[in-house]
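Shown next: upload37.cif, given as mmCIF, C-alpha atoms.
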data_input
loop_
_atom_site.label_atom_id
_atom_site.label_comp_id
_atom_site.auth_asym_id
_atom_site.auth_seq_id
_atom_site.Cartn_x
_atom_site.Cartn_y
_atom_site.Cartn_z
CA MET A 260 0.00 0.00 0.00
CA ARG A 261 2.79 2.39 0.89
CA LYS A 262 4.52 1.63 -2.43
CA VAL A 263 1.31 2.46 -4.35
CA LEU A 264 0.86 5.74 -2.47
CA TRP A 265 4.52 6.62 -3.04
CA LYS A 266 4.17 6.02 -6.78
CA ARG A 267 1.00 8.13 -6.90
CA TRP A 268 2.75 10.93 -5.01
CA LYS A 269 5.68 10.86 -7.42
CA VAL A 270 3.33 11.03 -10.43
CA ALA A 271 1.41 13.91 -8.86
CA ALA A 272 4.63 15.74 -7.99
CA ALA A 273 5.94 15.28 -11.53
CA GLY A 274 2.66 16.66 -12.86
CA LEU A 275 2.95 19.72 -10.63
CA LEU A 276 6.54 20.29 -11.78
CA LEU A 277 5.50 20.06 -15.41
CA SER A 278 2.62 22.44 -14.80
CA ALA A 279 4.94 24.90 -13.08
CA ALA A 280 7.42 24.67 -15.95
CA ALA A 281 4.64 25.21 -18.48
CA LEU A 282 3.40 28.25 -16.58
CA SER A 283 6.94 29.63 -16.42
CA ILE A 284 7.40 29.19 -20.17
CA PHE A 285 4.00 30.77 -20.80
CA ALA A 286 4.83 33.74 -18.56
CA GLU A 287 8.17 34.23 -20.29
CA ALA A 288 6.51 34.07 -23.71
CA ALA A 289 3.90 36.60 -22.63
CA GLN A 290 6.61 38.92 -21.35
CA LYS A 291 8.46 38.67 -24.69
CA LYS A 292 5.33 39.33 -26.72
CA ILE A 293 5.93 42.07 -29.26
CA PRO A 294 3.80 45.15 -28.46
CA ALA A 295 1.21 46.16 -31.03
CA GLY A 296 2.31 48.78 -33.54
CA SER A 297 6.00 48.14 -32.97
CA ILE A 298 8.58 49.27 -35.49
CA PHE A 299 11.31 47.28 -33.73
CA VAL A 300 12.22 43.60 -33.85
CA PRO A 301 14.21 41.62 -31.26
CA ASP A 302 17.95 41.59 -31.85
CA LYS A 303 21.00 40.48 -29.93
CA GLY A 304 24.64 40.36 -30.85
CA LYS A 305 28.26 41.40 -30.47
CA LEU A 306 29.99 44.19 -32.37
CA ASN A 307 33.72 44.46 -33.04
CA VAL A 308 35.02 48.05 -32.87
CA LEU A 309 37.87 48.70 -35.32
CA LEU A 310 40.14 51.73 -35.44
CA ASP A 311 42.17 51.97 -38.64
CA GLY A 312 41.47 48.27 -39.22
CA LYS A 313 42.56 47.07 -35.78
CA SER A 314 40.22 45.88 -33.04
CA VAL A 315 40.09 48.24 -30.05
CA GLY A 316 37.00 46.92 -28.30
CA HIS A 317 33.64 45.17 -28.38
CA GLU A 318 30.02 45.90 -27.66
CA GLU A 319 27.43 43.36 -26.55
CA PHE A 320 23.81 44.42 -26.92
CA GLU A 321 20.22 43.25 -26.84
CA ILE A 322 17.02 44.85 -28.13
CA ALA A 323 13.93 43.17 -26.72
CA PRO A 324 10.25 43.80 -25.96
CA ALA A 325 9.52 44.68 -22.35
CA GLY A 326 5.93 45.06 -21.23
CA SER A 327 4.17 47.55 -23.50
CA GLY A 328 7.44 48.93 -24.88
CA TRP A 329 11.03 48.01 -25.70
CA THR A 330 14.39 47.95 -23.96
CA ALA A 331 17.72 48.38 -25.75
CA ARG A 332 20.79 47.68 -23.65
CA GLY A 333 24.45 47.59 -24.58
CA THR A 334 27.87 47.54 -22.95
CA THR A 335 31.00 48.63 -24.80
CA THR A 336 34.53 47.97 -23.59
CA LEU A 337 37.36 49.87 -25.30
CA LYS A 338 41.16 49.67 -25.09
CA PRO A 339 42.63 52.13 -27.61
CA PRO A 340 46.34 51.89 -28.47
CA GLY A 341 48.37 53.68 -25.82
CA GLY A 342 45.23 54.53 -23.84
CA ASN A 343 43.44 53.27 -20.76
CA ALA A 344 40.62 50.73 -20.86
CA SER A 345 37.13 52.09 -20.41
CA SER A 346 33.58 50.81 -20.54
CA VAL A 347 30.15 52.33 -20.93
CA THR A 348 26.69 50.82 -20.46
CA GLY A 349 23.44 52.30 -21.68
CA THR A 350 19.84 51.16 -21.18
CA LEU A 351 17.14 52.83 -23.24
CA THR A 352 13.40 52.19 -22.93
CA LEU A 353 11.17 53.17 -25.82
CA GLU A 354 7.59 53.35 -26.97
CA PRO A 355 6.68 50.86 -29.73
CA HIS A 356 6.77 53.67 -32.31
CA GLY A 357 10.26 54.80 -31.27
CA ALA A 358 9.84 57.71 -28.84
CA PRO A 359 12.18 57.35 -25.82
CA ILE A 360 10.77 56.88 -22.32
CA SER A 361 13.92 56.79 -20.20
CA TYR A 362 17.66 56.31 -20.52
CA GLU A 363 20.38 55.38 -18.08
CA TRP A 364 24.09 55.28 -18.70
CA SER A 365 27.17 54.62 -16.64
CA SER A 366 30.82 54.81 -17.61
CA GLN A 367 33.98 53.54 -16.02
CA ALA A 368 37.24 55.13 -17.04
CA GLU A 369 39.42 57.29 -14.81
CA LYS A 370 36.22 58.22 -12.99
CA THR A 371 32.82 56.57 -12.73
CA ASN A 372 29.94 58.70 -13.95
CA GLY A 373 26.30 58.01 -14.61
CA ALA A 374 23.01 59.63 -15.45
CA HIS A 375 19.29 59.05 -15.58
CA ILE A 376 17.15 60.77 -18.22
CA GLN A 377 13.38 60.87 -18.31
CA PHE A 378 11.63 61.89 -21.52
CA GLU A 379 8.19 63.48 -21.58
CA ASN A 380 6.43 65.65 -24.21
CA GLY A 381 9.66 66.61 -25.95
CA VAL A 382 11.56 67.39 -22.73
CA ALA A 383 14.60 65.42 -21.56
CA ARG A 384 15.04 65.72 -17.79
CA ILE A 385 18.64 64.82 -17.01
CA SER A 386 20.10 63.91 -13.64
CA LEU A 387 23.88 63.54 -13.90
CA GLN A 388 25.91 61.97 -11.10
CA MET A 389 29.68 62.44 -11.14
CA GLN A 390 32.18 60.70 -8.90
CA GLY A 391 33.08 62.87 -5.94
CA ALA A 392 30.20 65.30 -6.46
CA ARG A 393 28.02 65.97 -3.43
CA ALA A 394 24.82 66.27 -5.44
CA ALA A 395 23.52 65.37 -8.87
CA PHE A 396 23.58 67.95 -11.66
CA ASN A 397 20.08 68.45 -13.07
CA GLN A 398 19.21 69.93 -16.45
CA ASP A 399 16.18 70.03 -18.73
CA LEU A 400 16.57 70.03 -22.51
CA THR A 401 13.59 70.88 -24.70
CA PHE A 402 13.11 69.46 -28.19
CA GLY A 403 10.58 70.32 -30.86
CA SER A 404 9.28 66.74 -31.04
CA PRO A 405 8.75 63.86 -28.61
CA LEU A 406 10.54 61.60 -31.14
CA ILE A 407 14.10 62.15 -29.93
CA ILE A 408 16.88 59.92 -31.23
CA VAL A 409 19.35 58.86 -28.54
CA LEU A 410 22.82 58.29 -30.01
CA ASP A 411 25.30 58.05 -27.17
CA ASN A 412 29.07 57.89 -27.40
CA ASN A 413 30.43 54.40 -28.17
CA LEU A 414 27.03 52.67 -27.94
CA TYR A 415 26.63 51.61 -31.54
CA HIS A 416 23.54 49.40 -31.20
CA GLN A 417 21.53 52.61 -30.92
CA TYR A 418 22.09 53.10 -34.65
CA ALA A 419 20.22 49.83 -35.16
CA LEU A 420 17.22 51.53 -33.53
CA LEU A 421 17.58 54.52 -35.85
CA ALA A 422 17.53 52.17 -38.84
CA ARG A 423 14.06 51.02 -37.67
CA ILE A 424 12.78 54.52 -36.91
CA TYR A 425 13.72 55.76 -40.39
CA ASP A 426 10.59 55.63 -42.58
CA TRP A 427 11.59 53.29 -45.41
CA SER A 428 8.22 53.58 -47.12
CA ARG A 429 8.72 57.35 -47.51
CA ARG A 430 12.49 57.21 -48.04
CA GLY A 431 14.34 60.40 -48.92
CA THR A 432 16.11 62.69 -46.46
CA GLN A 433 14.53 62.72 -42.99
CA THR A 434 15.52 64.99 -40.12
CA PHE A 435 15.42 64.01 -36.44
CA SER A 436 16.14 65.65 -33.11
CA VAL A 437 19.07 63.91 -31.45
CA LEU A 438 20.52 63.74 -27.95
CA ILE A 439 24.06 62.63 -27.06
CA PRO A 440 23.59 61.98 -23.32
CA GLN A 441 27.24 61.68 -22.27
CA ASP A 442 27.93 65.10 -23.82
CA LEU A 443 24.60 66.61 -22.69
CA ALA A 444 24.43 67.73 -26.31
CA PRO A 445 21.17 68.25 -28.25
CA GLY A 446 21.13 68.66 -32.01
CA THR A 447 19.70 67.40 -35.27
CA ILE A 448 20.70 64.77 -37.77
CA SER A 449 19.66 64.05 -41.33
CA VAL A 450 19.19 60.47 -42.49
CA ASP A 451 18.90 59.22 -46.06
CA GLN A 452 19.09 55.88 -47.81
CA THR A 453 22.00 55.45 -50.21
CA GLY A 454 21.04 52.34 -52.13
CA ALA A 455 23.41 49.39 -52.29
CA VAL A 456 26.76 49.55 -50.45
CA SER A 457 29.46 46.89 -50.31
CA ALA A 458 31.92 45.70 -47.67
CA ASP A 459 34.05 42.56 -47.46
CA GLY A 460 32.57 41.23 -50.68
CA LYS A 461 28.96 41.53 -49.50
CA THR A 462 26.24 43.94 -50.58
CA TYR A 463 23.98 45.75 -48.14
CA GLU A 464 21.32 48.46 -47.99
CA GLY A 465 22.99 51.73 -47.04
CA LEU A 466 21.76 54.43 -44.69
CA LYS A 467 23.71 57.70 -44.36
CA ILE A 468 23.55 59.78 -41.18
CA VAL A 469 24.93 63.31 -41.26
CA THR A 470 25.59 65.20 -38.01
CA SER A 471 27.14 68.62 -37.47
CA ASP A 472 30.65 67.14 -37.60
CA LEU A 473 30.46 63.53 -38.78
CA THR A 474 29.04 61.29 -41.48
CA VAL A 475 28.09 57.74 -40.50
CA ILE A 476 27.23 54.97 -42.97
CA LEU A 477 25.09 52.04 -41.83
CA TYR A 478 25.23 48.71 -43.65
CA LEU A 479 21.91 46.86 -43.27
CA ASP A 480 20.78 43.42 -44.37
CA SER A 481 17.56 42.79 -46.30
CA SER A 482 15.49 43.07 -43.09
CA HIS A 483 17.26 46.32 -42.10
CA ARG A 484 19.31 44.68 -39.37
CA LEU A 485 22.55 46.52 -38.58
CA MET A 486 25.56 44.56 -39.85
CA ARG A 487 28.23 47.24 -40.04
CA LEU A 488 28.80 50.91 -39.27
CA ASP A 489 31.50 53.13 -40.77
CA VAL A 490 32.71 56.58 -39.66
CA PRO A 491 35.11 57.35 -42.53
CA ASP A 492 36.55 60.59 -41.15
CA ALA A 493 37.47 58.89 -37.86
CA LYS A 494 38.71 55.66 -39.55
CA VAL A 495 36.27 53.74 -37.34
CA ALA A 496 34.32 50.65 -38.39
CA VAL A 497 31.97 48.62 -36.21
CA VAL A 498 31.25 45.12 -37.50
CA ARG A 499 28.77 42.51 -36.29
CA GLU A 500 30.45 39.25 -35.34
#
Show me, as structure tokens, the structure contained in the file I just sent.
Amino acid sequence: MRKVLWKRWKVAAAGLLLSAAALSIFAEAAQKKIPAGSIFVPDKGKLNVLLDGKSVGHEEFEIAPAGSGWTARGTTTLKPPGGNASSVTGTLTLEPHGAPISYEWSSQAEKTNGAHIQFENGVARISLQMQGARAAFNQDLTFGSPLIIVLDNNLYHQYALLARIYDWSRRGTQTFSVLIPQDLAPGTISVDQTGAVSADGKTYEGLKIVTSDLTVILYLDSSHRLMRLDVPDAKVAVVRE
């Protein structure tokens, strides 16, 4: 009798474990569900940062749905020739149509700095914390549109987001408000498709970004996934591994 009861208990316990596992998988799937009206798609990868053809660092990133919006997170570690190693991490949350909700970054070089930015109705409310400072530095920046493009220093996966925000059905030159958080610098960029571009024997869809002092070329696959980024004037290339 005891053996029968023990077998029944084991079967029941196994059933409970399976049910719990199924619920866990279901919950994870629900959490990863792509929000309605999204212009983004999930992406994850590693980027090799090249300076004059030589590797000086890497970035690991992930773009994923989170609740009713999206989260894009990346960490870049750099070791330039003759320089000190540094790293920067950025986490950006966005609406499904591309408008930013919040952004946090932290950097580790000679000093550790960080900031939190909240976006609302075209205003970026910045709280900057610097090592050794007694209090945070607060500043509000106002933009003409709630659709602000965040392009932070050395966080190249954010260009993958821009490639999704660009309206491919309309094409042509499109202008966006831009924020470089680590520089506390607002500005504008123009973005235009270039047609086919080639690198390493492969052909891609090109997207050209022009800032006040730089031109950046994105190399995108047929689904507009970022495969490579070139900054010709700085002799920098960022290549997906």
Against region 418-422 of chain A, which residues of region 455-483 of chain A fall within 8 Å? For each one I want the closest pair of atoms and the distance in Å (one decimal), counting all atoms listed in the file, rows by chain and increasing residue number, as CSV.
residue,atom,partner,partner_atom,distance
A:Leu466,CA,A:Ala422,CA,7.6
A:Leu477,CA,A:Tyr418,CA,7.9
A:His483,CA,A:Ala422,CA,6.7
Kindly indicate which residue among A:Ile385, A:Ile468, A:Val498, A:Leu406 lies nearest to Ser449 (chain A), using all atoms listed in the file for the distances.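 Smallest separation from Ser449 (chain A) among the options: A:Ile468.
Here the PyMOL selection byres ((chain A and resi 451) around 9) captures the residues Tyr425, Arg430, Gly431, Thr432, Gln433, Thr434, Ser449, Val450, Gln452, Thr453, Gly465, Leu466, Lys467, Ile468 and Val469 of chain A.
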Closest of A:Leu400, A:Leu485, A:Leu353, A:Val495 to Gly446 (chain A) - atom-to-atom distances counting all atoms listed in the file: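 With all atoms listed in the file as the atom set, the closest residue is A:Leu400.
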So that each row is one residue of region 358-392 of chain A with an atom at most 12 Å from region 314-333 of chain A, can you give its shortest atom pair and the distance in Å to one decimal, using all atoms listed in the file, rows by chain and rising number, as a Markdown table?
| residue | atom | partner | partner_atom | distance |
| --- | --- | --- | --- | --- |
| A:Ala358 | CA | A:Gly328 | CA | 9.9 |
| A:Pro359 | CA | A:Trp329 | CA | 9.4 |
| A:Ile360 | CA | A:Gly328 | CA | 9.0 |
| A:Ser361 | CA | A:Thr330 | CA | 9.6 |
| A:Tyr362 | CA | A:Ala331 | CA | 9.5 |
| A:Glu363 | CA | A:Arg332 | CA | 9.5 |
| A:Trp364 | CA | A:Arg332 | CA | 9.7 |
| A:Ser365 | CA | A:Gly333 | CA | 10.9 |
| A:Ser366 | CA | A:Gly333 | CA | 11.9 |
For this file, the PyMOL selection byres ((chain A and resi 463) around 12) selects which residues, as a PyMOL selection string? chain A and resi 452-462+464-466+476-488
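Counting all atoms listed in the file, the residue from A:Gly312, A:Gly304, A:Gly391, A:Gly349 that sits nearest to Asp489 (chain A) is A:Gly312.
Note that CA of Ser345 (chain A) and CA of Asp399 (chain A) are 27.6 Å apart.
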Some atoms are missing, so please complete region 362-391 of chain A with N, CA and C atoms and return it as a PDB file, in the coordinates of the input.
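The resulting file, result_20.pdb, is shown below:
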ATOM      1  N   TYR A 362      16.322  56.758 -20.140  1.00  0.00           N
ATOM      2  CA  TYR A 362      17.660  56.310 -20.520  1.00  0.00           C
ATOM      3  C   TYR A 362      18.572  56.405 -19.318  1.00  0.00           C
ATOM      4  N   GLU A 363      19.376  55.376 -19.137  1.00  0.00           N
ATOM      5  CA  GLU A 363      20.380  55.380 -18.080  1.00  0.00           C
ATOM      6  C   GLU A 363      21.715  54.964 -18.669  1.00  0.00           C
ATOM      7  N   TRP A 364      22.759  55.678 -18.272  1.00  0.00           N
ATOM      8  CA  TRP A 364      24.090  55.280 -18.700  1.00  0.00           C
ATOM      9  C   TRP A 364      25.066  55.379 -17.536  1.00  0.00           C
ATOM     10  N   SER A 365      26.085  54.563 -17.612  1.00  0.00           N
ATOM     11  CA  SER A 365      27.170  54.620 -16.640  1.00  0.00           C
ATOM     12  C   SER A 365      28.458  54.328 -17.369  1.00  0.00           C
ATOM     13  N   SER A 366      29.524  55.013 -16.976  1.00  0.00           N
ATOM     14  CA  SER A 366      30.820  54.810 -17.610  1.00  0.00           C
ATOM     15  C   SER A 366      31.873  54.591 -16.555  1.00  0.00           C
ATOM     16  N   GLN A 367      32.852  53.805 -16.908  1.00  0.00           N
ATOM     17  CA  GLN A 367      33.980  53.540 -16.020  1.00  0.00           C
ATOM     18  C   GLN A 367      35.258  53.777 -16.806  1.00  0.00           C
ATOM     19  N   ALA A 368      35.944  54.827 -16.462  1.00  0.00           N
ATOM     20  CA  ALA A 368      37.240  55.130 -17.040  1.00  0.00           C
ATOM     21  C   ALA A 368      38.128  55.576 -15.889  1.00  0.00           C
ATOM     22  N   GLU A 369      38.671  56.779 -15.958  1.00  0.00           N
ATOM     23  CA  GLU A 369      39.420  57.290 -14.810  1.00  0.00           C
ATOM     24  C   GLU A 369      38.466  57.585 -13.654  1.00  0.00           C
ATOM     25  N   LYS A 370      37.243  57.978 -13.996  1.00  0.00           N
ATOM     26  CA  LYS A 370      36.220  58.220 -12.990  1.00  0.00           C
ATOM     27  C   LYS A 370      34.951  57.489 -13.407  1.00  0.00           C
ATOM     28  N   THR A 371      34.104  57.212 -12.447  1.00  0.00           N
ATOM     29  CA  THR A 371      32.820  56.570 -12.730  1.00  0.00           C
ATOM     30  C   THR A 371      31.725  57.619 -12.718  1.00  0.00           C
ATOM     31  N   ASN A 372      31.042  57.746 -13.830  1.00  0.00           N
ATOM     32  CA  ASN A 372      29.940  58.700 -13.950  1.00  0.00           C
ATOM     33  C   ASN A 372      28.695  57.955 -14.367  1.00  0.00           C
ATOM     34  N   GLY A 373      27.559  58.599 -14.189  1.00  0.00           N
ATOM     35  CA  GLY A 373      26.300  58.010 -14.610  1.00  0.00           C
ATOM     36  C   GLY A 373      25.211  59.050 -14.666  1.00  0.00           C
ATOM     37  N   ALA A 374      24.122  58.690 -15.329  1.00  0.00           N
ATOM     38  CA  ALA A 374      23.010  59.630 -15.450  1.00  0.00           C
ATOM     39  C   ALA A 374      21.715  58.880 -15.677  1.00  0.00           C
ATOM     40  N   HIS A 375      20.634  59.527 -15.281  1.00  0.00           N
ATOM     41  CA  HIS A 375      19.290  59.050 -15.580  1.00  0.00           C
ATOM     42  C   HIS A 375      18.561  60.155 -16.327  1.00  0.00           C
ATOM     43  N   ILE A 376      17.893  59.795 -17.418  1.00  0.00           N
ATOM     44  CA  ILE A 376      17.150  60.770 -18.220  1.00  0.00           C
ATOM     45  C   ILE A 376      15.723  60.287 -18.385  1.00  0.00           C
ATOM     46  N   GLN A 377      14.796  61.173 -18.121  1.00  0.00           N
ATOM     47  CA  GLN A 377      13.380  60.870 -18.310  1.00  0.00           C
ATOM     48  C   GLN A 377      12.857  61.770 -19.434  1.00  0.00           C
ATOM     49  N   PHE A 378      12.154  61.152 -20.383  1.00  0.00           N
ATOM     50  CA  PHE A 378      11.630  61.890 -21.520  1.00  0.00           C
ATOM     51  C   PHE A 378      10.110  62.038 -21.384  1.00  0.00           C
ATOM     52  N   GLU A 379       9.621  63.247 -21.643  1.00  0.00           N
ATOM     53  CA  GLU A 379       8.190  63.480 -21.580  1.00  0.00           C
ATOM     54  C   GLU A 379       7.829  64.719 -22.389  1.00  0.00           C
ATOM     55  N   ASN A 380       6.947  64.533 -23.393  1.00  0.00           N
ATOM     56  CA  ASN A 380       6.430  65.650 -24.210  1.00  0.00           C
ATOM     57  C   ASN A 380       7.539  66.515 -24.790  1.00  0.00           C
ATOM     58  N   GLY A 381       8.584  65.874 -25.309  1.00  0.00           N
ATOM     59  CA  GLY A 381       9.660  66.610 -25.950  1.00  0.00           C
ATOM     60  C   GLY A 381      10.657  67.223 -25.007  1.00  0.00           C
ATOM     61  N   VAL A 382      10.609  66.880 -23.721  1.00  0.00           N
ATOM     62  CA  VAL A 382      11.560  67.390 -22.730  1.00  0.00           C
ATOM     63  C   VAL A 382      12.375  66.222 -22.180  1.00  0.00           C
ATOM     64  N   ALA A 383      13.699  66.411 -22.163  1.00  0.00           N
ATOM     65  CA  ALA A 383      14.600  65.420 -21.560  1.00  0.00           C
ATOM     66  C   ALA A 383      15.073  65.954 -20.221  1.00  0.00           C
ATOM     67  N   ARG A 384      14.659  65.300 -19.148  1.00  0.00           N
ATOM     68  CA  ARG A 384      15.040  65.720 -17.790  1.00  0.00           C
ATOM     69  C   ARG A 384      16.228  64.860 -17.348  1.00  0.00           C
ATOM     70  N   ILE A 385      17.378  65.509 -17.226  1.00  0.00           N
ATOM     71  CA  ILE A 385      18.640  64.820 -17.010  1.00  0.00           C
ATOM     72  C   ILE A 385      19.100  64.991 -15.572  1.00  0.00           C
ATOM     73  N   SER A 386      19.486  63.886 -14.959  1.00  0.00           N
ATOM     74  CA  SER A 386      20.100  63.910 -13.640  1.00  0.00           C
ATOM     75  C   SER A 386      21.453  63.221 -13.749  1.00  0.00           C
ATOM     76  N   LEU A 387      22.521  64.026 -13.682  1.00  0.00           N
ATOM     77  CA  LEU A 387      23.880  63.540 -13.900  1.00  0.00           C
ATOM     78  C   LEU A 387      24.599  63.402 -12.566  1.00  0.00           C
ATOM     79  N   GLN A 388      25.158  62.227 -12.336  1.00  0.00           N
ATOM     80  CA  GLN A 388      25.910  61.970 -11.100  1.00  0.00           C
ATOM     81  C   GLN A 388      27.370  61.750 -11.454  1.00  0.00           C
ATOM     82  N   MET A 389      28.258  62.575 -10.885  1.00  0.00           N
ATOM     83  CA  MET A 389      29.680  62.440 -11.140  1.00  0.00           C
ATOM     84  C   MET A 389      30.410  62.013  -9.868  1.00  0.00           C
ATOM     85  N   GLN A 390      31.436  61.208 -10.042  1.00  0.00           N
ATOM     86  CA  GLN A 390      32.180  60.700  -8.900  1.00  0.00           C
ATOM     87  C   GLN A 390      32.783  61.868  -8.102  1.00  0.00           C
ATOM     88  N   GLY A 391      32.559  61.835  -6.801  1.00  0.00           N
ATOM     89  CA  GLY A 391      33.080  62.870  -5.940  1.00  0.00           C
ATOM     90  C   GLY A 391      32.170  64.063  -5.744  1.00  0.00           C
TER      91      GLY A 391
END
